[in-house]
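S.K.: Next up, start_0.csv (CSV, C-alpha atoms).
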```csv
chain,number,residue,atom,x,y,z
S,1,MET,CA,0.0,0.0,0.0
S,2,PRO,CA,1.4,3.5,-0.8
S,3,GLN,CA,2.9,5.4,2.0
S,4,GLY,CA,4.6,8.8,2.7
S,5,LYS,CA,5.7,10.5,-0.5
S,6,GLN,CA,3.5,8.2,-2.7
S,7,VAL,CA,0.4,9.2,-0.7
S,8,GLN,CA,1.4,12.9,-0.9
S,9,ALA,CA,1.8,12.7,-4.7
S,10,MET,CA,-1.5,10.8,-5.1
S,11,PHE,CA,-3.5,13.5,-3.2
S,12,SER,CA,-1.6,16.3,-5.0
S,13,GLY,CA,-2.8,14.8,-8.3
S,14,ILE,CA,-6.5,14.7,-7.3
S,15,ALA,CA,-6.7,18.0,-5.4
S,16,GLY,CA,-8.8,19.8,-7.9
S,17,LYS,CA,-11.5,17.1,-8.0
S,18,TYR,CA,-11.3,16.1,-4.4
S,19,ASP,CA,-14.3,18.1,-3.1
S,20,LEU,CA,-16.6,17.1,-6.0
S,21,LEU,CA,-15.7,13.5,-5.5
S,22,ASN,CA,-16.2,13.6,-1.7
S,23,HIS,CA,-19.7,14.9,-2.2
S,24,LEU,CA,-20.6,12.5,-5.0
S,25,LEU,CA,-19.1,9.3,-3.5
S,26,SER,CA,-20.6,10.0,0.0
S,27,LEU,CA,-24.0,10.5,-1.6
S,28,GLY,CA,-24.1,14.0,-0.1
S,29,MET,CA,-23.4,12.8,3.5
S,30,ASP,CA,-20.0,14.5,3.8
S,31,SER,CA,-21.5,17.9,4.9
S,32,HIS,CA,-23.5,16.1,7.7
S,33,TRP,CA,-20.3,14.3,8.8
S,34,TRP,CA,-18.3,17.6,9.0
S,35,ARG,CA,-21.0,19.2,11.1
S,36,ARG,CA,-21.2,16.2,13.5
S,37,MET,CA,-17.4,16.3,13.8
S,38,ALA,CA,-17.4,20.0,14.7
S,39,ARG,CA,-20.1,19.5,17.4
S,40,CYS,CA,-18.3,16.5,18.9
S,41,SER,CA,-15.0,18.5,19.0
S,42,GLY,CA,-16.5,21.1,21.4
S,43,ALA,CA,-15.2,23.9,19.2
S,44,ALA,CA,-16.4,27.3,20.5
S,45,PRO,CA,-15.5,31.0,20.6
S,46,GLY,CA,-12.3,31.7,22.5
S,47,GLN,CA,-10.8,28.3,21.7
S,48,ARG,CA,-7.8,27.5,19.5
S,49,PHE,CA,-8.0,24.3,17.3
S,50,LEU,CA,-5.5,22.5,15.2
S,51,ASP,CA,-7.0,20.7,12.2
S,52,VAL,CA,-4.5,18.1,11.0
S,53,ALA,CA,-4.7,16.7,7.5
S,54,ALA,CA,-7.2,19.4,6.8
S,55,GLY,CA,-7.1,18.9,3.0
S,56,THR,CA,-9.1,21.5,1.2
S,57,GLY,CA,-10.5,23.0,4.4
S,58,ASP,CA,-14.0,21.6,4.8
S,59,SER,CA,-13.2,20.3,8.3
S,60,SER,CA,-11.5,23.6,9.3
S,61,LEU,CA,-14.4,25.6,8.0
S,62,ALA,CA,-16.9,23.5,10.1
S,63,LEU,CA,-14.8,24.3,13.2
S,64,ALA,CA,-14.5,28.0,12.4
S,65,ARG,CA,-18.3,28.3,11.9
S,66,ARG,CA,-18.6,27.3,15.6
S,67,GLY,CA,-16.5,30.3,16.6
S,68,ALA,CA,-13.1,28.6,17.2
S,69,GLU,CA,-9.8,30.0,15.9
S,70,VAL,CA,-8.5,27.3,13.5
S,71,VAL,CA,-5.0,26.4,12.3
S,72,SER,CA,-5.2,24.1,9.3
S,73,THR,CA,-2.2,21.8,8.4
S,74,ASP,CA,-1.6,19.2,5.7
S,75,PHE,CA,1.5,17.7,4.2
S,76,THR,CA,-0.1,18.0,0.7
S,77,LEU,CA,0.2,21.7,-0.1
S,78,GLU,CA,-1.8,21.4,-3.3
S,79,MET,CA,-4.8,20.4,-1.2
S,80,LEU,CA,-4.2,23.0,1.5
S,81,LYS,CA,-3.9,26.0,-0.9
S,82,LEU,CA,-7.5,25.4,-2.0
S,83,GLY,CA,-8.8,26.3,1.5
S,84,PRO,CA,-8.6,30.2,1.3
S,85,ASP,CA,-11.3,30.5,-1.3
S,86,LYS,CA,-13.7,28.6,0.9
S,87,PHE,CA,-13.0,30.9,3.9
S,88,ARG,CA,-13.2,34.0,1.7
S,89,ALA,CA,-16.6,32.9,0.5
S,90,GLN,CA,-17.8,32.6,4.2
S,91,GLY,CA,-16.4,36.0,5.1
S,92,ARG,CA,-12.9,36.0,6.6
S,93,ASP,CA,-13.7,39.0,8.7
S,94,ARG,CA,-15.7,36.7,11.0
S,95,LEU,CA,-13.7,33.5,10.7
S,96,VAL,CA,-10.2,33.3,12.3
S,97,TRP,CA,-8.1,30.9,10.3
S,98,ALA,CA,-4.6,30.2,9.2
S,99,SER,CA,-2.9,27.4,7.2
S,100,VAL,CA,0.6,25.8,7.7
S,101,GLY,CA,2.2,22.9,5.7
S,102,ALA,CA,3.0,20.2,8.2
S,103,ASP,CA,3.3,16.5,8.8
S,104,ALA,CA,1.2,15.0,11.5
S,105,GLN,CA,4.2,13.2,12.8
S,106,ARG,CA,6.3,16.4,13.2
S,107,LEU,CA,4.0,19.3,14.2
S,108,PRO,CA,5.7,22.7,14.2
S,109,PHE,CA,3.9,24.0,17.3
S,110,ARG,CA,4.7,24.5,21.0
S,111,ASP,CA,3.6,22.2,23.7
S,112,ALA,CA,0.1,22.7,25.1
S,113,SER,CA,-0.8,25.3,22.6
S,114,PHE,CA,-4.3,24.1,21.4
S,115,ASP,CA,-7.6,23.4,23.1
S,116,GLY,CA,-8.5,20.8,20.5
S,117,VAL,CA,-7.0,18.7,17.8
S,118,THR,CA,-9.0,17.2,14.9
S,119,ILE,CA,-8.0,14.9,12.1
S,120,CYS,CA,-10.6,13.8,9.5
S,121,TYR,CA,-9.9,11.0,7.0
S,122,GLY,CA,-6.2,11.5,7.6
S,123,ILE,CA,-5.0,9.2,10.3
S,124,ARG,CA,-5.2,6.2,7.9
S,125,ASN,CA,-2.5,7.8,5.8
S,126,VAL,CA,0.0,8.4,8.6
S,127,GLU,CA,2.9,6.0,8.5
S,128,ASP,CA,3.6,6.0,12.2
S,129,ARG,CA,0.3,6.5,14.1
S,130,PRO,CA,1.8,6.2,17.6
S,131,ARG,CA,4.2,9.0,16.8
S,132,ALA,CA,1.4,11.2,15.5
S,133,TYR,CA,-0.6,10.4,18.7
S,134,ARG,CA,2.4,11.6,20.8
S,135,GLU,CA,2.5,14.8,18.8
S,136,PHE,CA,-1.3,15.4,19.3
S,137,LEU,CA,-0.8,14.9,23.1
S,138,ARG,CA,2.1,17.2,23.1
S,139,VAL,CA,0.4,20.2,21.4
S,140,LEU,CA,-2.9,19.7,23.3
S,141,LYS,CA,-3.5,21.6,26.5
S,142,PRO,CA,-4.3,19.5,29.6
S,143,GLN,CA,-7.9,18.2,29.2
S,144,GLY,CA,-7.8,19.2,25.5
S,145,ARG,CA,-9.8,16.9,23.2
S,146,LEU,CA,-8.7,14.9,20.2
S,147,THR,CA,-11.4,14.3,17.7
S,148,ILE,CA,-10.9,11.8,14.8
S,149,LEU,CA,-13.4,11.4,12.0
S,150,GLU,CA,-12.6,8.3,9.9
S,151,PHE,CA,-14.1,5.7,7.7
S,152,SER,CA,-14.7,2.6,9.8
S,153,ARG,CA,-16.5,-0.8,9.9
S,154,PRO,CA,-20.3,-0.8,9.5
S,155,SER,CA,-22.1,-2.3,12.5
S,156,HIS,CA,-24.6,-4.5,10.6
S,157,ARG,CA,-23.6,-7.4,8.4
S,158,TRP,CA,-26.1,-6.4,5.7
S,159,LEU,CA,-24.7,-2.9,5.6
S,160,ARG,CA,-21.1,-4.2,5.5
S,161,PHE,CA,-22.1,-6.3,2.4
S,162,LEU,CA,-23.6,-3.3,0.6
S,163,TYR,CA,-20.8,-1.0,1.6
S,164,ASP,CA,-18.1,-3.5,0.5
S,165,THR,CA,-19.9,-4.0,-2.8
S,166,TYR,CA,-20.1,-0.2,-3.4
S,167,SER,CA,-16.5,0.6,-2.2
S,168,LEU,CA,-14.8,-2.3,-4.0
S,169,ARG,CA,-16.7,-2.2,-7.3
S,170,LEU,CA,-18.3,1.2,-7.9
S,171,LEU,CA,-16.2,3.7,-6.0
S,172,PRO,CA,-12.9,3.0,-7.7
S,173,ARG,CA,-14.5,3.2,-11.2
S,174,ILE,CA,-16.4,6.4,-10.5
S,175,GLY,CA,-13.5,8.0,-8.6
S,176,GLY,CA,-10.9,7.0,-11.1
S,177,TRP,CA,-13.0,8.1,-14.1
S,178,ILE,CA,-13.7,11.6,-12.6
S,179,SER,CA,-10.3,12.2,-11.0
S,180,GLY,CA,-8.2,10.6,-13.7
S,181,SER,CA,-6.4,8.7,-11.0
S,182,PRO,CA,-7.7,5.1,-10.6
S,183,GLU,CA,-4.9,4.4,-8.2
S,184,ALA,CA,-6.1,6.9,-5.7
S,185,TYR,CA,-9.6,5.5,-5.6
S,186,SER,CA,-8.4,1.9,-5.4
S,187,TYR,CA,-6.2,3.0,-2.5
S,188,LEU,CA,-9.2,4.3,-0.5
S,189,PRO,CA,-11.1,1.1,0.0
S,190,ALA,CA,-7.8,-0.9,0.6
S,191,SER,CA,-6.7,1.6,3.2
S,192,ILE,CA,-10.0,1.4,5.0
S,193,ARG,CA,-9.9,-2.4,5.2
S,194,SER,CA,-6.4,-2.4,6.6
S,195,PHE,CA,-7.3,0.3,9.2
S,196,PRO,CA,-8.3,-0.6,12.8
S,197,ASP,CA,-12.0,-0.9,13.6
S,198,GLN,CA,-13.7,1.2,16.2
S,199,PRO,CA,-12.6,-0.7,19.4
S,200,ALA,CA,-9.1,-1.2,18.1
S,201,LEU,CA,-8.6,2.5,17.3
S,202,ALA,CA,-9.9,3.4,20.8
S,203,ALA,CA,-7.4,0.9,22.2
S,204,GLU,CA,-4.6,2.6,20.3
S,205,LEU,CA,-5.6,6.0,21.8
S,206,ALA,CA,-5.6,4.6,25.3
S,207,ALA,CA,-2.2,3.0,24.7
S,208,ALA,CA,-0.9,6.3,23.5
S,209,GLY,CA,-1.9,8.0,26.8
S,210,PHE,CA,-5.2,9.5,26.0
S,211,GLY,CA,-8.0,9.3,28.5
S,212,ASP,CA,-11.7,8.4,28.0
S,213,PRO,CA,-11.5,7.2,24.4
S,214,SER,CA,-14.9,6.7,22.9
S,215,TRP,CA,-16.6,6.6,19.5
S,216,THR,CA,-19.9,7.3,17.9
S,217,ASN,CA,-20.9,5.5,14.7
S,218,LEU,CA,-22.3,7.7,11.9
S,219,THR,CA,-24.4,6.3,9.0
S,220,GLY,CA,-24.4,2.8,10.5
S,221,GLY,CA,-20.6,2.9,11.1
S,222,ILE,CA,-19.5,3.7,7.6
S,223,VAL,CA,-17.7,6.5,9.4
S,224,ALA,CA,-17.0,6.9,13.1
S,225,LEU,CA,-16.3,9.8,15.4
S,226,HIS,CA,-13.6,9.0,17.9
S,227,SER,CA,-13.0,11.3,20.9
S,228,ALA,CA,-10.4,11.3,23.7
S,229,ARG,CA,-8.8,13.7,26.1
S,230,LYS,CA,-5.3,14.6,27.2
S,231,PRO,CA,-5.1,13.9,30.9
S,232,GLU,CA,-3.8,16.6,33.3
S,233,ALA,CA,-0.5,14.8,33.5
S,234,ALA,CA,0.0,13.0,30.2
S,235,PRO,CA,2.9,11.0,28.8
S,236,GLY,CA,2.5,13.2,25.7
S,237,ALA,CA,3.9,16.1,27.7
S,238,ILE,CA,7.3,14.5,26.8
S,239,MET,CA,8.4,15.5,23.4
S,240,GLY,CA,7.1,13.0,20.9
S,241,ALA,CA,9.2,13.8,17.9
```
Translate the structure described by the file into structure tokens.
M.R.:
Amino acid sequence: MPQGKQVQAMFSGIAGKYDLLNHLLSLGMDSHWWRRMARCSGAAPGQRFLDVAAGTGDSSLALARRGAEVVSTDFTLEMLKLGPDKFRAQGRDRLVWASVGADAQRLPFRDASFDGVTICYGIRNVEDRPRAYREFLRVLKPQGRLTILEFSRPSHRWLRFLYDTYSLRLLPRIGGWISGSPEAYSYLPASIRSFPDQPALAAELAAAGFGDPSWTNLTGGIVALHSARKPEAAPGAIMGA
């Protein structure tokens, strides 16, 4: 499965069609999932959030609409540079936002500098997840919340069958045809199948030092919202780089 530079190049190649394909391939559910993520994160006025793997900025915009100051990061700059137009369309005078090119495994921010960290559909693409978790702990303030929105395992067998049929047969064809990159939309279902399910991901967060890991299934578990907090005295206070 592609990693690192290959994933970066793959997403660079589909950046211009990424939003359109998200909307089409999710059957319009992507907007609902962004809103649920922002509510789950606790984003509110007076808080500073780091949105990791922010892509073209939909996740960051959902957080900013709730009044938080948002810093967007992504290691694919071709995706990240599409965000400003979205924020301008919403009125930058009332949305506080900035973007920084960065890798989730090496965040260029001070310890305990964010009230919340979010990562949406990005943790699957991180080569060293434990290292990224240590970085999330490091930059979070004590009791700060990590929110992960990620494709997951549907909770009902019949839904898993339908979803597998769709993602293995239709999604690569539609995504490859529209984006011009069949590899990218073959990578997506393969990466989902190799990714930990809901309990396993929660266990990873607990092992990394996060407290109170939990998850909520959305759309029958096709995607899941994971939430966890940095304890008052966390192992992540030690530099994780």
S.K.: With the cut-off set at 12 Å and counting all atoms listed in the file, tabulate each residue of stretch 40-84 of chain S with an atom at most that distance from an atom of stretch 98-106 of chain S, showing the nearest atom pair and its distance in Å to one decimal, ordered by chain and increasing number, as JSON lines.
M.R.:
```
{"residue": "S:Arg48", "atom": "CA", "partner": "S:Ala98", "partner_atom": "CA", "distance": 11.1}
{"residue": "S:Phe49", "atom": "CA", "partner": "S:Ala98", "partner_atom": "CA", "distance": 10.6}
{"residue": "S:Leu50", "atom": "CA", "partner": "S:Ser99", "partner_atom": "CA", "distance": 9.7}
{"residue": "S:Asp51", "atom": "CA", "partner": "S:Ser99", "partner_atom": "CA", "distance": 9.3}
{"residue": "S:Val52", "atom": "CA", "partner": "S:Ala104", "partner_atom": "CA", "distance": 6.5}
{"residue": "S:Ala53", "atom": "CA", "partner": "S:Ala104", "partner_atom": "CA", "distance": 7.3}
{"residue": "S:Ala54", "atom": "CA", "partner": "S:Ser99", "partner_atom": "CA", "distance": 9.1}
{"residue": "S:Gly55", "atom": "CA", "partner": "S:Ser99", "partner_atom": "CA", "distance": 10.4}
{"residue": "S:Thr56", "atom": "CA", "partner": "S:Ser99", "partner_atom": "CA", "distance": 10.5}
{"residue": "S:Gly57", "atom": "CA", "partner": "S:Ser99", "partner_atom": "CA", "distance": 9.2}
{"residue": "S:Ser60", "atom": "CA", "partner": "S:Ala98", "partner_atom": "CA", "distance": 9.5}
{"residue": "S:Leu61", "atom": "CA", "partner": "S:Ala98", "partner_atom": "CA", "distance": 10.9}
{"residue": "S:Ala64", "atom": "CA", "partner": "S:Ala98", "partner_atom": "CA", "distance": 10.6}
{"residue": "S:Ala68", "atom": "CA", "partner": "S:Ala98", "partner_atom": "CA", "distance": 11.8}
{"residue": "S:Glu69", "atom": "CA", "partner": "S:Ala98", "partner_atom": "CA", "distance": 8.5}
{"residue": "S:Val70", "atom": "CA", "partner": "S:Ala98", "partner_atom": "CA", "distance": 6.5}
{"residue": "S:Val71", "atom": "CA", "partner": "S:Ala98", "partner_atom": "CA", "distance": 4.9}
{"residue": "S:Ser72", "atom": "CA", "partner": "S:Ser99", "partner_atom": "CA", "distance": 4.5}
{"residue": "S:Thr73", "atom": "CA", "partner": "S:Val100", "partner_atom": "CA", "distance": 4.9}
{"residue": "S:Asp74", "atom": "CA", "partner": "S:Gly101", "partner_atom": "CA", "distance": 5.3}
{"residue": "S:Phe75", "atom": "CA", "partner": "S:Ala102", "partner_atom": "CA", "distance": 4.9}
{"residue": "S:Thr76", "atom": "CA", "partner": "S:Gly101", "partner_atom": "CA", "distance": 7.4}
{"residue": "S:Leu77", "atom": "CA", "partner": "S:Gly101", "partner_atom": "CA", "distance": 6.3}
{"residue": "S:Glu78", "atom": "CA", "partner": "S:Gly101", "partner_atom": "CA", "distance": 10.0}
{"residue": "S:Met79", "atom": "CA", "partner": "S:Gly101", "partner_atom": "CA", "distance": 10.1}
{"residue": "S:Leu80", "atom": "CA", "partner": "S:Ser99", "partner_atom": "CA", "distance": 7.3}
{"residue": "S:Lys81", "atom": "CA", "partner": "S:Ser99", "partner_atom": "CA", "distance": 8.3}
{"residue": "S:Leu82", "atom": "CA", "partner": "S:Ser99", "partner_atom": "CA", "distance": 10.5}
{"residue": "S:Gly83", "atom": "CA", "partner": "S:Ser99", "partner_atom": "CA", "distance": 8.3}
{"residue": "S:Pro84", "atom": "CA", "partner": "S:Ser99", "partner_atom": "CA", "distance": 8.7}
```
S.K.: In Å, with one decimal, what is the gap from atom CA of S:Gln47 to atom CA of S:Asn125?
M.R.: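 Spanning atom CA of S:Gln47 to atom CA of S:Asn125 is a straight-line distance of 27.2 Å.
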S.K.: When you draw a straight line from atom CA of S:Val139 to atom CA of S:Lys230, how long is it in Å?
M.R.: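 The value is 9.9 Å.
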S.K.: Which residue, S:Trp97, S:Trp215, S:Phe210, S:Tyr163, has the smallest gap to S:Leu140 when you use all atoms listed in the file?
M.R.: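 Among S:Trp97, S:Trp215, S:Phe210, S:Tyr163, it is S:Phe210 that comes nearest to S:Leu140.
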S.K.: Calculated over all atoms listed in the file, which of the candidates S:Ser113, S:Thr118, S:Thr216, S:Ser59 has the smallest distance to S:Ile148?
M.R.: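 Of all the options, S:Thr118 lies closest to S:Ile148.
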S.K.: Neighbouring residues of S:Ser41 were defined as those with any atom within 8 Å, considering all atoms listed in the file; residues of the same chain fewer than 2 positions away were excluded. Please report them as a list of chain:residue names.
M.R.: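 Neighbouring residues, sequence-local ones excluded: S:Met37, S:Ala38, S:Arg39, S:Ala43, S:Gly116, S:Thr118, S:Arg145, S:Leu146, S:Thr147, S:Ser227.
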S.K.: Figure out the distance between atom CA of S:Arg88 and atom CA of S:Ser26, please, to one decimal in Å.
M.R.: 25.2 Å
S.K.: Calculated over all atoms listed in the file, which of the candidates S:Gln90, S:Ala224, S:Asp58, S:Pro45 has the smallest distance to S:Ser31?
M.R.: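 Counting all atoms listed in the file, the residue closest to S:Ser31 is S:Asp58.
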S.K.: Of the residues S:Tyr133, S:Gly221, S:Asp19, S:Leu188, which is the one nearest to S:Arg173, using all atoms listed in the file?
M.R.: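 Ranking S:Tyr133, S:Gly221, S:Asp19, S:Leu188 by distance to S:Arg173, first place goes to S:Leu188.
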S.K.: From the options S:Leu25, S:Ile192, S:Leu20, S:Ala228, which residue's atoms come nearest to S:Tyr166, counting all atoms listed in the file?
M.R.: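 Closest to S:Tyr166 of all the choices is S:Leu25.
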S.K.: Could you check the closest approach to S:Arg169 for each of S:Glu135, S:Leu24, S:Ala190, S:Ala200 and tell me which residue wins, using all atoms listed in the file?
M.R.: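 Closest to S:Arg169, using all atoms listed in the file: S:Ala190.
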S.K.: Output stretch 122-148 of chain S as a CSV table (one decimal), in the coordinates of the input, making sure N, CA and C atoms are there.
M.R.:
```csv
chain,number,residue,atom,x,y,z
S,122,GLY,N,-7.6,11.4,7.8
S,122,GLY,CA,-6.2,11.5,7.6
S,122,GLY,C,-5.4,10.5,8.3
S,123,ILE,N,-5.9,10.0,9.5
S,123,ILE,CA,-5.0,9.2,10.3
S,123,ILE,C,-4.7,7.8,9.6
S,124,ARG,N,-5.5,7.4,8.7
S,124,ARG,CA,-5.2,6.2,7.9
S,124,ARG,C,-4.0,6.4,7.0
S,125,ASN,N,-3.6,7.6,6.7
S,125,ASN,CA,-2.5,7.8,5.8
S,125,ASN,C,-1.2,8.1,6.5
S,126,VAL,N,-1.2,8.1,7.8
S,126,VAL,CA,0.0,8.4,8.6
S,126,VAL,C,0.8,7.1,8.8
S,127,GLU,N,2.0,7.2,8.4
S,127,GLU,CA,2.9,6.0,8.5
S,127,GLU,C,3.1,5.5,9.9
S,128,ASP,N,3.3,6.4,10.8
S,128,ASP,CA,3.6,6.0,12.2
S,128,ASP,C,2.5,6.6,13.1
S,129,ARG,N,1.4,5.9,13.3
S,129,ARG,CA,0.3,6.5,14.1
S,129,ARG,C,0.7,6.8,15.5
S,130,PRO,N,1.5,5.9,16.3
S,130,PRO,CA,1.8,6.2,17.6
S,130,PRO,C,2.6,7.5,17.7
S,131,ARG,N,3.5,7.8,16.7
S,131,ARG,CA,4.2,9.0,16.8
S,131,ARG,C,3.3,10.2,16.6
S,132,ALA,N,2.3,10.1,15.7
S,132,ALA,CA,1.4,11.2,15.5
S,132,ALA,C,0.5,11.4,16.8
S,133,TYR,N,0.1,10.3,17.5
S,133,TYR,CA,-0.6,10.4,18.7
S,133,TYR,C,0.2,11.2,19.8
S,134,ARG,N,1.5,10.9,19.8
S,134,ARG,CA,2.4,11.6,20.8
S,134,ARG,C,2.4,13.1,20.5
S,135,GLU,N,2.4,13.4,19.2
S,135,GLU,CA,2.5,14.8,18.8
S,135,GLU,C,1.1,15.5,19.1
S,136,PHE,N,0.0,14.8,18.9
S,136,PHE,CA,-1.3,15.4,19.3
S,136,PHE,C,-1.3,15.6,20.8
S,137,LEU,N,-0.9,14.7,21.6
S,137,LEU,CA,-0.8,14.9,23.1
S,137,LEU,C,0.0,16.1,23.4
S,138,ARG,N,1.2,16.2,22.8
S,138,ARG,CA,2.1,17.2,23.1
S,138,ARG,C,1.5,18.6,22.9
S,139,VAL,N,0.9,18.8,21.7
S,139,VAL,CA,0.4,20.2,21.4
S,139,VAL,C,-0.9,20.5,22.1
S,140,LEU,N,-1.6,19.5,22.6
S,140,LEU,CA,-2.9,19.7,23.3
S,140,LEU,C,-2.6,20.3,24.7
S,141,LYS,N,-3.5,21.2,25.1
S,141,LYS,CA,-3.5,21.6,26.5
S,141,LYS,C,-4.1,20.5,27.4
S,142,PRO,N,-3.7,20.4,28.7
S,142,PRO,CA,-4.3,19.5,29.6
S,142,PRO,C,-5.9,19.5,29.5
S,143,GLN,N,-6.5,18.4,29.4
S,143,GLN,CA,-7.9,18.2,29.2
S,143,GLN,C,-8.4,18.6,27.8
S,144,GLY,N,-7.4,18.9,26.9
S,144,GLY,CA,-7.8,19.2,25.5
S,144,GLY,C,-8.3,17.9,24.8
S,145,ARG,N,-9.1,18.1,23.8
S,145,ARG,CA,-9.8,16.9,23.2
S,145,ARG,C,-9.2,16.7,21.8
S,146,LEU,N,-9.0,15.4,21.5
S,146,LEU,CA,-8.7,14.9,20.2
S,146,LEU,C,-9.9,14.4,19.6
S,147,THR,N,-10.3,14.8,18.4
S,147,THR,CA,-11.4,14.3,17.7
S,147,THR,C,-11.0,13.7,16.3
S,148,ILE,N,-11.3,12.5,16.1
S,148,ILE,CA,-10.9,11.8,14.8
S,148,ILE,C,-12.2,11.4,14.1
```
